[in-house]
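With mmCIF, C-alpha atoms and all ligand atoms inside, this is query_30.cif:
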```
data_entry
#
loop_
_atom_site.group_PDB
_atom_site.id
_atom_site.type_symbol
_atom_site.label_atom_id
_atom_site.label_comp_id
_atom_site.auth_asym_id
_atom_site.auth_seq_id
_atom_site.Cartn_x
_atom_site.Cartn_y
_atom_site.Cartn_z
ATOM 1 C CA MET I 1 0.000 0.000 0.000
ATOM 2 C CA LEU I 2 1.091 3.509 -0.551
ATOM 3 C CA ARG I 3 1.544 5.020 2.823
ATOM 4 C CA PRO I 4 3.672 7.551 4.566
ATOM 5 C CA THR I 5 6.495 5.586 6.128
ATOM 6 C CA GLN I 6 6.241 5.294 9.874
ATOM 7 C CA THR I 7 8.788 6.202 12.461
ATOM 8 C CA GLY I 8 8.963 3.235 14.833
ATOM 9 C CA PRO I 9 7.945 3.689 18.461
ATOM 10 C CA ASP I 10 11.529 3.029 19.588
ATOM 11 C CA ARG I 11 12.995 5.479 17.128
ATOM 12 C CA PRO I 12 13.051 9.128 18.146
ATOM 13 C CA ALA I 13 11.508 11.463 15.594
ATOM 14 C CA MET I 14 14.160 13.317 13.622
ATOM 15 C CA PRO I 15 14.215 16.964 14.613
ATOM 16 C CA PRO I 16 13.799 19.334 11.705
ATOM 17 C CA THR I 17 16.838 21.483 11.066
ATOM 18 C CA THR I 18 14.867 24.191 9.294
ATOM 19 C CA PRO I 19 11.782 26.050 10.431
ATOM 20 C CA PRO I 20 8.411 25.358 8.762
ATOM 21 C CA PRO I 21 7.973 27.105 5.423
ATOM 22 C CA ALA I 22 7.097 30.774 5.548
ATOM 23 C CA ALA I 23 3.678 32.018 4.486
ATOM 24 C CA ARG I 24 4.975 33.171 1.120
ATOM 25 C CA PRO I 25 4.698 30.469 -1.560
ATOM 26 C CA ALA I 26 7.561 28.454 -2.988
ATOM 27 C CA THR I 27 8.114 28.609 -6.733
ATOM 28 C CA LEU I 28 8.150 25.354 -8.664
ATOM 29 C CA THR I 29 9.930 25.107 -11.998
ATOM 30 C CA ALA I 30 10.110 22.117 -14.312
ATOM 31 C CA LEU I 31 13.659 21.653 -15.615
ATOM 32 C CA LEU I 32 14.331 19.341 -18.520
ATOM 33 C CA GLY I 33 17.235 16.942 -18.307
ATOM 34 C CA ASN I 34 18.476 14.580 -20.994
ATOM 35 C CA SER I 35 15.746 12.786 -22.912
ATOM 36 C CA GLN I 36 15.463 9.140 -23.870
ATOM 37 C CA ARG I 37 13.775 6.918 -26.398
ATOM 38 C CA LEU I 38 12.826 3.532 -24.941
ATOM 39 C CA ASP I 39 10.930 0.508 -26.182
ATOM 40 C CA GLY I 40 7.217 1.328 -25.994
ATOM 41 C CA GLY I 41 6.277 -2.215 -25.042
ATOM 42 C CA ALA I 42 8.637 -2.178 -22.063
ATOM 43 C CA MET I 43 7.209 1.161 -20.928
ATOM 44 C CA PHE I 44 3.600 -0.050 -21.058
ATOM 45 C CA GLY I 45 3.949 -3.490 -19.441
ATOM 46 C CA ASN I 46 1.097 -5.801 -20.408
ATOM 47 C CA ALA I 47 -0.826 -3.212 -22.439
ATOM 48 C CA PRO I 48 -0.885 -4.178 -26.142
ATOM 49 C CA LYS I 49 0.662 -1.869 -28.708
ATOM 50 C CA ALA I 50 -2.754 -1.366 -30.339
ATOM 51 C CA LEU I 51 -3.703 0.458 -27.151
ATOM 52 C CA TRP I 52 -0.588 2.376 -26.132
ATOM 53 C CA GLN I 53 0.275 3.686 -29.596
ATOM 54 C CA ARG I 54 -2.908 5.763 -29.357
ATOM 55 C CA TRP I 55 -1.301 7.683 -26.501
ATOM 56 C CA ILE I 56 2.325 7.983 -27.636
ATOM 57 C CA THR I 57 3.423 7.375 -31.238
ATOM 58 C CA PRO I 58 6.404 4.993 -31.553
ATOM 59 C CA ASP I 59 9.267 5.515 -34.010
ATOM 60 C CA ASP I 60 10.480 2.965 -36.599
ATOM 61 C CA HIS I 61 12.317 1.078 -33.834
ATOM 62 C CA ASN I 62 9.165 0.878 -31.695
ATOM 63 C CA ARG I 63 10.642 3.400 -29.256
ATOM 64 C CA ILE I 64 8.740 6.245 -27.614
ATOM 65 C CA PRO I 65 10.064 9.660 -26.531
ATOM 66 C CA LEU I 66 10.524 10.118 -22.796
ATOM 67 C CA ALA I 67 11.578 13.132 -20.783
ATOM 68 C CA CYS I 68 13.751 13.075 -17.684
ATOM 69 C CA ARG I 69 12.259 16.140 -16.043
ATOM 70 C CA CYS I 70 13.402 17.540 -12.720
ATOM 71 C CA LEU I 71 11.477 19.774 -10.319
ATOM 72 C CA LEU I 72 13.161 22.821 -8.829
ATOM 73 C CA ILE I 73 11.632 24.187 -5.622
ATOM 74 C CA GLU I 74 12.763 27.708 -4.751
ATOM 75 C CA GLU I 75 11.704 28.636 -1.240
ATOM 76 C CA PRO I 76 10.973 32.235 -0.207
ATOM 77 C CA GLY I 77 14.025 32.104 2.059
ATOM 78 C CA GLY I 78 16.287 31.349 -0.886
ATOM 79 C CA ARG I 79 16.864 27.634 -0.418
ATOM 80 C CA ARG I 80 16.826 25.648 -3.667
ATOM 81 C CA ILE I 81 15.669 22.033 -3.648
ATOM 82 C CA LEU I 82 16.028 19.895 -6.769
ATOM 83 C CA CYS I 83 13.858 16.794 -7.102
ATOM 84 C CA GLU I 84 15.978 14.308 -9.038
ATOM 85 C CA ALA I 85 18.621 14.860 -11.693
ATOM 86 C CA GLY I 86 17.387 12.829 -14.656
ATOM 87 C CA ILE I 87 19.525 10.431 -16.672
ATOM 88 C CA GLY I 88 22.233 12.986 -17.424
ATOM 89 C CA ALA I 89 25.075 12.325 -19.849
ATOM 90 C CA PHE I 90 27.362 9.985 -17.896
ATOM 91 C CA PHE I 91 27.060 7.023 -20.290
ATOM 92 C CA GLU I 92 29.901 6.293 -22.653
ATOM 93 C CA PRO I 93 28.740 6.490 -26.292
ATOM 94 C CA LYS I 94 28.046 2.732 -26.612
ATOM 95 C CA TYR I 95 25.610 2.738 -23.672
ATOM 96 C CA ARG I 96 24.188 6.133 -24.537
ATOM 97 C CA GLU I 97 23.049 4.542 -27.792
ATOM 98 C CA ARG I 98 21.771 1.399 -26.070
ATOM 99 C CA PHE I 99 19.627 3.329 -23.621
ATOM 100 C CA GLY I 100 18.430 5.804 -26.221
ATOM 101 C CA VAL I 101 19.810 8.946 -24.585
ATOM 102 C CA GLN I 102 19.320 11.650 -27.192
ATOM 103 C CA GLU I 103 21.864 14.326 -26.238
ATOM 104 C CA ALA I 104 25.613 14.044 -25.517
ATOM 105 C CA GLU I 105 25.711 17.233 -23.440
ATOM 106 C CA HIS I 106 24.359 17.488 -19.886
ATOM 107 C CA VAL I 107 20.933 19.018 -20.532
ATOM 108 C CA LEU I 108 20.019 19.645 -16.874
ATOM 109 C CA LEU I 109 23.109 21.842 -16.447
ATOM 110 C CA ALA I 110 21.986 23.810 -19.508
ATOM 111 C CA SER I 111 18.468 24.109 -18.045
ATOM 112 C CA LEU I 112 19.931 25.446 -14.791
ATOM 113 C CA ALA I 113 22.173 27.836 -16.726
ATOM 114 C CA ALA I 114 19.138 29.178 -18.583
ATOM 115 C CA ARG I 115 17.861 30.316 -15.168
ATOM 116 C CA GLY I 116 21.230 31.786 -14.215
ATOM 117 C CA LEU I 117 22.057 28.840 -11.949
ATOM 118 C CA THR I 118 24.717 26.157 -11.721
ATOM 119 C CA ASP I 119 24.771 22.846 -9.893
ATOM 120 C CA ALA I 120 26.643 24.677 -7.093
ATOM 121 C CA ASP I 121 23.522 26.757 -6.404
ATOM 122 C CA ILE I 122 21.453 23.723 -5.390
ATOM 123 C CA ASP I 123 21.140 23.193 -1.622
ATOM 124 C CA VAL I 124 19.294 19.858 -1.543
ATOM 125 C CA VAL I 125 18.807 17.083 -4.095
ATOM 126 C CA VAL I 126 15.922 14.690 -3.354
ATOM 127 C CA LEU I 127 16.152 11.287 -5.050
ATOM 128 C CA SER I 128 13.003 9.135 -5.255
ATOM 129 C CA HIS I 129 15.206 6.118 -5.978
ATOM 130 C CA LEU I 130 18.602 5.548 -7.549
ATOM 131 C CA HIS I 131 17.783 4.081 -10.983
ATOM 132 C CA PHE I 132 20.135 5.681 -13.486
ATOM 133 C CA ASP I 133 17.416 7.609 -15.306
ATOM 134 C CA HIS I 134 16.683 9.477 -12.056
ATOM 135 C CA ALA I 135 20.183 9.827 -10.584
ATOM 136 C CA GLY I 136 22.608 9.745 -13.540
ATOM 137 C CA GLY I 137 22.412 13.529 -13.841
ATOM 138 C CA LEU I 138 24.244 13.802 -10.510
ATOM 139 C CA LEU I 139 27.369 12.904 -12.489
ATOM 140 C CA ALA I 140 29.386 15.051 -14.880
ATOM 141 C CA ALA I 141 29.093 14.272 -18.585
ATOM 142 C CA TRP I 142 31.161 11.346 -19.842
ATOM 143 C CA ALA I 143 34.686 12.071 -20.998
ATOM 144 C CA PRO I 144 37.255 9.523 -22.206
ATOM 145 C CA ASP I 145 39.564 8.001 -19.578
ATOM 146 C CA THR I 146 37.917 10.017 -16.803
ATOM 147 C CA PRO I 147 36.312 8.433 -13.732
ATOM 148 C CA GLU I 148 32.759 9.323 -12.751
ATOM 149 C CA ARG I 149 32.590 12.691 -10.977
ATOM 150 C CA LEU I 150 29.773 13.888 -8.750
ATOM 151 C CA LEU I 151 28.276 17.347 -9.413
ATOM 152 C CA PHE I 152 26.303 19.506 -6.928
ATOM 153 C CA PRO I 153 29.269 20.355 -4.656
ATOM 154 C CA ARG I 154 27.208 22.022 -1.898
ATOM 155 C CA ALA I 155 24.036 19.973 -1.977
ATOM 156 C CA ARG I 156 22.786 17.570 0.636
ATOM 157 C CA PHE I 157 21.457 14.395 -0.965
ATOM 158 C CA VAL I 158 18.248 12.865 0.399
ATOM 159 C CA VAL I 159 17.353 9.229 -0.374
ATOM 160 C CA GLY I 160 15.181 6.616 1.349
ATOM 161 C CA ARG I 161 16.675 3.756 3.343
ATOM 162 C CA GLU I 162 15.359 0.912 1.214
ATOM 163 C CA ALA I 163 16.121 2.646 -2.071
ATOM 164 C CA TRP I 164 19.660 3.173 -0.779
ATOM 165 C CA ASP I 165 20.022 -0.449 0.323
ATOM 166 C CA ARG I 166 18.688 -1.597 -3.036
ATOM 167 C CA ALA I 167 21.252 0.484 -4.925
ATOM 168 C CA ASN I 168 24.008 -1.071 -2.832
ATOM 169 C CA ALA I 169 22.727 -4.622 -3.318
ATOM 170 C CA PRO I 170 20.520 -4.790 -6.440
ATOM 171 C CA HIS I 171 18.477 -7.815 -7.467
ATOM 172 C CA ALA I 172 19.490 -9.558 -10.696
ATOM 173 C CA ARG I 173 16.312 -8.254 -12.339
ATOM 174 C CA ASP I 174 17.169 -4.585 -11.876
ATOM 175 C CA ARG I 175 20.951 -4.591 -11.458
ATOM 176 C CA ALA I 176 21.384 -2.983 -14.883
ATOM 177 C CA SER I 177 19.310 0.002 -13.689
ATOM 178 C CA TYR I 178 21.944 1.162 -11.189
ATOM 179 C CA ILE I 179 25.248 3.018 -11.447
ATOM 180 C CA PRO I 180 27.743 0.916 -9.446
ATOM 181 C CA ALA I 181 29.988 3.854 -8.512
ATOM 182 C CA LEU I 182 27.200 6.163 -7.348
ATOM 183 C CA PRO I 183 26.575 5.015 -3.741
ATOM 184 C CA GLY I 184 30.278 5.313 -2.910
ATOM 185 C CA LEU I 185 30.487 8.785 -4.419
ATOM 186 C CA LEU I 186 27.400 9.939 -2.483
ATOM 187 C CA SER I 187 28.677 8.463 0.804
ATOM 188 C CA ALA I 188 32.062 10.106 0.390
ATOM 189 C CA THR I 189 30.549 13.601 0.326
ATOM 190 C CA GLY I 190 29.434 13.453 3.963
ATOM 191 C CA ARG I 191 26.295 15.251 2.708
ATOM 192 C CA LEU I 192 24.005 12.237 2.413
ATOM 193 C CA GLU I 193 20.811 11.819 4.444
ATOM 194 C CA ILE I 194 19.248 8.366 4.386
ATOM 195 C CA VAL I 195 15.602 8.835 5.307
ATOM 196 C CA GLU I 196 14.031 6.302 7.668
ATOM 197 C CA GLY I 197 10.557 7.831 8.098
ATOM 198 C CA ASP I 198 8.181 10.039 6.146
ATOM 199 C CA THR I 199 10.038 13.285 6.739
ATOM 200 C CA SER I 200 13.630 14.417 6.248
ATOM 201 C CA ALA I 201 15.760 16.318 8.753
ATOM 202 C CA THR I 202 17.371 18.122 5.834
ATOM 203 C CA LEU I 203 14.101 19.214 4.230
ATOM 204 C CA GLY I 204 12.317 20.016 7.478
ATOM 205 C CA ALA I 205 8.772 19.418 8.650
ATOM 206 C CA GLY I 206 7.189 21.329 5.740
ATOM 207 C CA TYR I 207 7.614 18.354 3.395
ATOM 208 C CA ARG I 208 6.594 14.723 3.686
ATOM 209 C CA PHE I 209 7.071 11.606 1.612
ATOM 210 C CA HIS I 210 4.663 9.058 0.202
ATOM 211 C CA ARG I 211 6.314 5.681 0.085
ATOM 212 C CA SER I 212 5.821 3.238 -2.773
ATOM 213 C CA ASP I 213 7.238 -0.267 -3.235
ATOM 214 C CA GLY I 214 5.593 -1.372 -6.488
ATOM 215 C CA HIS I 215 8.187 -0.010 -8.929
ATOM 216 C CA THR I 216 11.172 -0.613 -6.669
ATOM 217 C CA PRO I 217 11.324 -1.050 -2.891
ATOM 218 C CA GLY I 218 11.309 2.171 -0.893
ATOM 219 C CA GLN I 219 10.618 4.749 -3.588
ATOM 220 C CA LEU I 220 9.938 8.078 -1.798
ATOM 221 C CA LEU I 221 7.656 10.597 -3.484
ATOM 222 C CA ILE I 222 7.903 14.076 -2.012
ATOM 223 C CA GLU I 223 4.732 16.075 -1.316
ATOM 224 C CA ILE I 224 5.032 19.852 -1.536
ATOM 225 C CA PRO I 225 2.255 21.714 0.268
ATOM 226 C CA GLY I 226 0.466 24.599 -1.392
ATOM 227 C CA ALA I 227 -2.570 26.838 -1.009
ATOM 228 C CA ASP I 228 -3.922 25.522 -4.330
ATOM 229 C CA GLY I 229 -3.553 21.898 -3.251
ATOM 230 C CA PRO I 230 -0.480 19.726 -2.758
ATOM 231 C CA VAL I 231 1.933 18.650 -5.493
ATOM 232 C CA VAL I 232 3.427 15.141 -5.401
ATOM 233 C CA PHE I 233 6.499 14.234 -7.431
ATOM 234 C CA ALA I 234 5.182 10.983 -8.903
ATOM 235 C CA GLY I 235 8.543 9.427 -9.859
ATOM 236 C CA ASP I 236 8.176 6.004 -11.429
ATOM 237 C CA LEU I 237 4.887 5.274 -9.645
ATOM 238 C CA ILE I 238 3.178 7.403 -12.346
ATOM 239 C CA PRO I 239 5.824 8.317 -14.952
ATOM 240 C CA GLY I 240 3.422 10.235 -17.208
ATOM 241 C CA ALA I 241 -0.203 11.099 -17.854
ATOM 242 C CA ALA I 242 -0.899 7.826 -19.709
ATOM 243 C CA TRP I 243 -0.008 5.903 -16.554
ATOM 244 C CA LEU I 244 -2.660 7.693 -14.485
ATOM 245 C CA HIS I 245 -5.082 5.013 -15.705
ATOM 246 C CA LEU I 246 -4.847 2.437 -12.922
ATOM 247 C CA PRO I 247 -4.155 -0.795 -14.894
ATOM 248 C CA ILE I 248 -1.331 0.763 -16.932
ATOM 249 C CA THR I 249 2.078 -0.195 -15.526
ATOM 250 C CA MET I 250 5.624 -0.469 -16.838
ATOM 251 C CA GLY I 251 7.403 -3.699 -17.704
ATOM 252 C CA TYR I 252 10.179 -2.420 -15.433
ATOM 253 C CA ASP I 253 7.922 -2.425 -12.342
ATOM 254 C CA ARG I 254 8.886 -5.088 -9.809
ATOM 255 C CA PHE I 255 5.415 -5.630 -8.315
ATOM 256 C CA PRO I 256 2.749 -4.359 -10.734
ATOM 257 C CA GLU I 257 -0.333 -5.340 -8.693
ATOM 258 C CA LEU I 258 1.067 -3.634 -5.619
ATOM 259 C CA LEU I 259 1.884 -0.597 -7.750
ATOM 260 C CA ILE I 260 -1.717 -0.384 -8.953
ATOM 261 C CA ASP I 261 -2.972 -0.494 -5.350
ATOM 262 C CA GLU I 262 -0.517 2.253 -4.409
ATOM 263 C CA LYS I 263 -1.546 4.359 -7.381
ATOM 264 C CA ARG I 264 -5.219 4.027 -6.481
ATOM 265 C CA ALA I 265 -4.534 5.094 -2.878
ATOM 266 C CA LEU I 266 -2.418 8.097 -3.864
ATOM 267 C CA LEU I 267 -4.736 9.342 -6.619
ATOM 268 C CA THR I 268 -7.845 8.913 -4.467
ATOM 269 C CA ASP I 269 -6.141 10.916 -1.736
ATOM 270 C CA LEU I 270 -4.976 13.656 -4.125
ATOM 271 C CA LEU I 271 -8.356 13.890 -5.857
ATOM 272 C CA ALA I 272 -9.965 14.567 -2.477
ATOM 273 C CA ARG I 273 -7.377 17.273 -1.704
ATOM 274 C CA ASN I 274 -7.357 19.032 -5.093
ATOM 275 C CA GLY I 275 -3.827 17.697 -5.588
ATOM 276 C CA ARG I 276 -1.519 17.641 -8.564
ATOM 277 C CA VAL I 277 1.120 15.185 -9.752
ATOM 278 C CA PHE I 278 4.465 16.065 -11.331
ATOM 279 C CA PHE I 279 5.607 13.747 -14.146
ATOM 280 C CA THR I 280 9.296 13.133 -14.752
ATOM 281 C CA HIS I 281 8.998 11.017 -17.931
ATOM 282 C CA ASP I 282 5.969 12.464 -19.750
ATOM 283 C CA PRO I 283 7.190 13.999 -23.022
ATOM 284 C CA GLN I 284 4.467 16.688 -22.995
ATOM 285 C CA ILE I 285 3.004 17.317 -19.559
ATOM 286 C CA ALA I 286 4.972 18.354 -16.489
ATOM 287 C CA LEU I 287 2.184 18.777 -13.992
ATOM 288 C CA ALA I 288 -1.479 17.762 -13.923
ATOM 289 C CA ARG I 289 -4.408 18.132 -11.586
ATOM 290 C CA VAL I 290 -5.775 14.703 -10.643
ATOM 291 C CA ALA I 291 -9.215 14.235 -12.213
ATOM 292 C CA GLN I 292 -11.687 11.449 -12.920
ATOM 293 C CA ASP I 293 -13.670 10.950 -16.100
ATOM 294 C CA ALA I 294 -17.358 10.024 -16.311
ATOM 295 C CA ARG I 295 -16.454 6.323 -16.007
ATOM 296 C CA GLY I 296 -14.404 6.875 -12.869
ATOM 297 C CA ARG I 297 -11.007 6.512 -14.519
ATOM 298 C CA PHE I 298 -8.204 8.751 -13.283
ATOM 299 C CA THR I 299 -7.098 11.280 -15.874
ATOM 300 C CA ALA I 300 -5.115 14.492 -16.173
ATOM 301 C CA GLY I 301 -7.300 17.524 -15.501
ATOM 302 C CA GLU I 302 -5.802 20.986 -15.683
ATOM 303 C CA ALA I 303 -2.283 20.432 -17.049
ATOM 304 C CA TRP I 304 0.952 22.390 -17.317
ATOM 305 C CA ALA I 305 3.565 21.851 -20.023
ATOM 306 C CA ALA I 306 7.236 22.240 -19.260
ATOM 307 C CA PRO I 307 9.132 24.367 -18.729
ATOM 308 C CA GLU I 308 6.800 26.623 -16.842
ATOM 309 C CA GLU I 309 6.859 28.177 -13.426
ATOM 310 C CA VAL I 310 4.095 27.349 -11.007
ATOM 311 C CA SER I 311 3.722 29.235 -7.759
ATOM 312 C CA LEU I 312 2.165 27.286 -4.920
HETATM 313 ZN ZN ZN D 1 12.927 3.539 -11.789
#
```

Please express the file's structure as structure tokens.
Ligand SMILES: [Zn+2]
Amino acid sequence: MLRPTQTGPDRPAMPPTTPPPAARPATLTALLGNSQRLDGGAMFGNAPKALWQRWITPDDHNRIPLACRCLLIEEPGGRRILCEAGIGAFFEPKYRERFGVQEAEHVLLASLAARGLTDADIDVVVLSHLHFDHAGGLLAAWAPDTPERLLFPRARFVVGREAWDRANAPHARDRASYIPALPGLLSATGRLEIVEGDTSATLGAGYRFHRSDGHTPGQLLIEIPGADGPVVFAGDLIPGAAWLHLPITMGYDRFPELLIDEKRALLTDLLARNGRVFFTHDPQIALARVAQDARGRFTAGEAWAAPEEVSL
């Protein structure tokens, strides 16, 4: 079930290191990272092509376009929080081709630069899980005979306990989705928070996480409060608008039935609270209000394309 993770009775609650958010709203900005083209069948699990090609048109290799979109939260006090870093450009050319990464340059750094920012301006990076298409952008672009190098020299990195453990000891089914060097690089910074509950000491009490195990164990989806309803970074629980429909899952999901139950719980909750979901992989839509059609199916209501600023 999708649930906020619980702090055990024997575990003291982590004290927030920052005060609750001020009354002024935070600004949310969708930042594009590197994009991918992946096999449409793998992205739509057990849905037949006759169905999914109505939603996203495949190319001659049966691949569909996918974004790796990050969410920048700029707080009134000046703190900048980045939700994920996308796939980045760390792959050597052979693997860049294999995984369909479209650009050789590091697109997220260009997106930050377009706002007058660099990776050194980011105070916190929140990682839903450590699959390479969510965390690869933490690394500098590939260069020959150069070891992997971590960017974001000032940022604290926030990741959930089980997602962290999984990255350190992957299962054979998803080992290829991790970057072997990344956990060691993150640990070595001394700026890593491994979250045990549903809040983060680094982020403070103003933010909480929804936990989801269906895609990968311990995925943490941050909820950002707002006067116009909350926003939840939907990660790989709901990678894009087409996956709002409950039975639609990815072939990459570890536990699809559990994922569907988690999706139902989250979307029912957000519908009741006028909530929105942020999509990292949708090629068109960055943010959508949760809605239901006449037949009770979850759909995207009011929607925002990227890149666009949204004040909460
Ligand atoms: Zn994933």

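Using only C-alpha atoms, the shortest contact distance between Gly136 in chain I and any of I:Gly33, I:Pro93, I:Gly218, I:Pro48 is found at I:Gly33.
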
| task | Please identify every polymer residue within 10 Å of ligand ZN 1 (chain D), using all atoms listed in the file, and present the set as a ChimeraX atom specification. | result | /I:128-135,174,177-178,215-216,219,235-237,239,250,252-254

| task | Write out as a ChimeraX atom specification each polymer residue whose atoms come within 12 Å of Ala47 in chain I, counting all atoms listed in the file; drop sequence neighbours fewer than 4 positions from it. | result | /I:40-43,51-55,242-243,245-251

| task | May I ask which of the residues I:Arg69, I:Arg211, I:Arg273, I:Arg156 is the closest one to Gly226 in chain I, counting only C-alpha atoms? | result |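 Counting only C-alpha atoms, the residue closest to Gly226 in chain I is I:Arg273.
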
| request: Name the residues that the PyMOL selection byres (((chain I and resi 281) around 7) and not hetatm) pulls out of this structure, and write them as a ChimeraX atom specification. | output: /I:66-69,239-240,279-280,282-283

| Using all atoms listed in the file: which of I:Leu186, I:Ala30, I:Asp119, I:Arg208 has the shortest distance to Ile73 in chain I | I:Ala30

| request: Tell me which protein, DNA and RNA residues are within 9 Å of Glu262 in chain I, counting all atoms listed in the file, leaving out same-chain ones fewer than 2 positions away, and put them as a list in words. | output: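 Once the nearby chain positions are removed, what remains is Met1, Leu2, Arg3, Arg211, Ser212, Asp213, Gly214, Leu237, Glu257, Leu258, Leu259, Ile260, Arg264, Ala265, Leu266 and Leu267 of chain I.
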
| Which is closer to Leu203 in chain I than all the others in I:Ala181, I:Ala113, I:Cys83, I:Leu139, using all atoms listed in the file? |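 Closest residue, counting all atoms listed in the file: I:Cys83.
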
| Residues matched by the PyMOL selection byres (((chain I and resi 303) around 12) and not hetatm) as a PyMOL selection string | chain I and resi 240-241+275-279+282+284-291+299-302+304-306+308+310

Contacts of Val195 in chain I at 8 Å or less, counting only C-alpha atoms, minus same-chain residues fewer than 5 places along, as a compact mmCIF listing (two decimals) with C-alpha atoms, keeping the file's coordinate frame?
```txt
# COMPACT_ATOMS: atom_id res chain seq x y z
CA VAL I 158 18.25 12.86 0.40
CA VAL I 159 17.35 9.23 -0.37
CA GLY I 160 15.18 6.62 1.35
CA ARG I 161 16.68 3.76 3.34
CA SER I 200 13.63 14.42 6.25
```

| field | Straight-line distance linking CA of Leu221 in chain I with CA of Arg115 in chain I, stated in Å to one decimal | value |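 Straight-line distance from CA of Leu221 in chain I to CA of Arg115 in chain I works out to 25.1 Å.
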
| query | Out of I:Leu31, I:Ala294, I:Ala205, I:Leu271, which residue has the shortest atom-to-atom distance to Ala114 in chain I when counting all atoms listed in the file? | reply |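 Looking at the shortest contact to Ala114 in chain I, the residue is I:Leu31.
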
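The two atoms in question, CA of Arg154 in chain I and CA of Val124 in chain I, are spaced 8.2 Å apart.
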
| Atomic distance CA of Thr268 in chain I - CA of Ala227 in chain I, expressed in Å with one decimal |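 Separating CA of Thr268 in chain I from CA of Ala227 in chain I is a distance of 19.0 Å.
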
| field | Explicit residues for the PyMOL selection byres (((chain I and resi 149) around 8) and not hetatm) (as a ChimeraX atom specification) | value | /I:139-140,147-148,150-151,185

Report, as AutoDock Vina command-line options, the centre and edge lengths in Å (one decimal) of the axis-aligned box enclosing every listed atom of range 138-152 of chain I, padded by 5 Å on each side.
```
--center_x 31.9 --center_y 13.8 --center_z -14.6 --size_x 25.3 --size_y 21.5 --size_z 25.3
```

Given the block above, output range 51-67 of chain I with N, CA and C atoms as a JSON list (two decimals), in the first residue's frame.
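decode-v4.json was written with the following content:
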```json
[["chain", "number", "residue", "atom", "x", "y", "z"],
["I", 51, "LEU", "N", -3.17, -0.50, -28.12],
["I", 51, "LEU", "CA", -3.70, 0.46, -27.15],
["I", 51, "LEU", "C", -2.73, 1.62, -26.93],
["I", 52, "TRP", "N", -1.47, 1.28, -26.57],
["I", 52, "TRP", "CA", -0.59, 2.38, -26.13],
["I", 52, "TRP", "C", -0.15, 3.28, -27.27],
["I", 53, "GLN", "N", -0.16, 2.79, -28.51],
["I", 53, "GLN", "CA", 0.28, 3.69, -29.60],
["I", 53, "GLN", "C", -0.75, 4.79, -29.86],
["I", 54, "ARG", "N", -1.95, 4.65, -29.27],
["I", 54, "ARG", "CA", -2.91, 5.76, -29.36],
["I", 54, "ARG", "C", -2.48, 6.93, -28.48],
["I", 55, "TRP", "N", -1.69, 6.64, -27.46],
["I", 55, "TRP", "CA", -1.30, 7.68, -26.50],
["I", 55, "TRP", "C", 0.04, 8.31, -26.86],
["I", 56, "ILE", "N", 1.01, 7.48, -27.26],
["I", 56, "ILE", "CA", 2.33, 7.98, -27.64],
["I", 56, "ILE", "C", 2.75, 7.24, -28.90],
["I", 57, "THR", "N", 3.09, 7.99, -29.95],
["I", 57, "THR", "CA", 3.42, 7.37, -31.24],
["I", 57, "THR", "C", 4.85, 6.84, -31.23],
["I", 58, "PRO", "N", 5.04, 5.55, -31.52],
["I", 58, "PRO", "CA", 6.40, 4.99, -31.55],
["I", 58, "PRO", "C", 7.13, 5.35, -32.84],
["I", 59, "ASP", "N", 8.47, 5.29, -32.80],
["I", 59, "ASP", "CA", 9.27, 5.52, -34.01],
["I", 59, "ASP", "C", 9.45, 4.17, -34.75],
["I", 60, "ASP", "N", 10.29, 4.17, -35.78],
["I", 60, "ASP", "CA", 10.48, 2.96, -36.60],
["I", 60, "ASP", "C", 11.09, 1.81, -35.81],
["I", 61, "HIS", "N", 11.73, 2.12, -34.68],
["I", 61, "HIS", "CA", 12.32, 1.08, -33.83],
["I", 61, "HIS", "C", 11.40, 0.73, -32.66],
["I", 62, "ASN", "N", 10.16, 1.16, -32.74],
["I", 62, "ASN", "CA", 9.17, 0.88, -31.70],
["I", 62, "ASN", "C", 9.44, 1.63, -30.39],
["I", 63, "ARG", "N", 10.29, 2.65, -30.46],
["I", 63, "ARG", "CA", 10.64, 3.40, -29.26],
["I", 63, "ARG", "C", 9.74, 4.63, -29.11],
["I", 64, "ILE", "N", 9.55, 5.05, -27.87],
["I", 64, "ILE", "CA", 8.74, 6.24, -27.61],
["I", 64, "ILE", "C", 9.61, 7.31, -26.93],
["I", 65, "PRO", "N", 9.29, 8.59, -27.17],
["I", 65, "PRO", "CA", 10.06, 9.66, -26.53],
["I", 65, "PRO", "C", 9.71, 9.77, -25.05],
["I", 66, "LEU", "N", 10.73, 9.96, -24.23],
["I", 66, "LEU", "CA", 10.52, 10.12, -22.80],
["I", 66, "LEU", "C", 11.39, 11.26, -22.29],
["I", 67, "ALA", "N", 10.80, 12.08, -21.44],
["I", 67, "ALA", "CA", 11.58, 13.13, -20.78],
["I", 67, "ALA", "C", 12.24, 12.57, -19.53]]
```
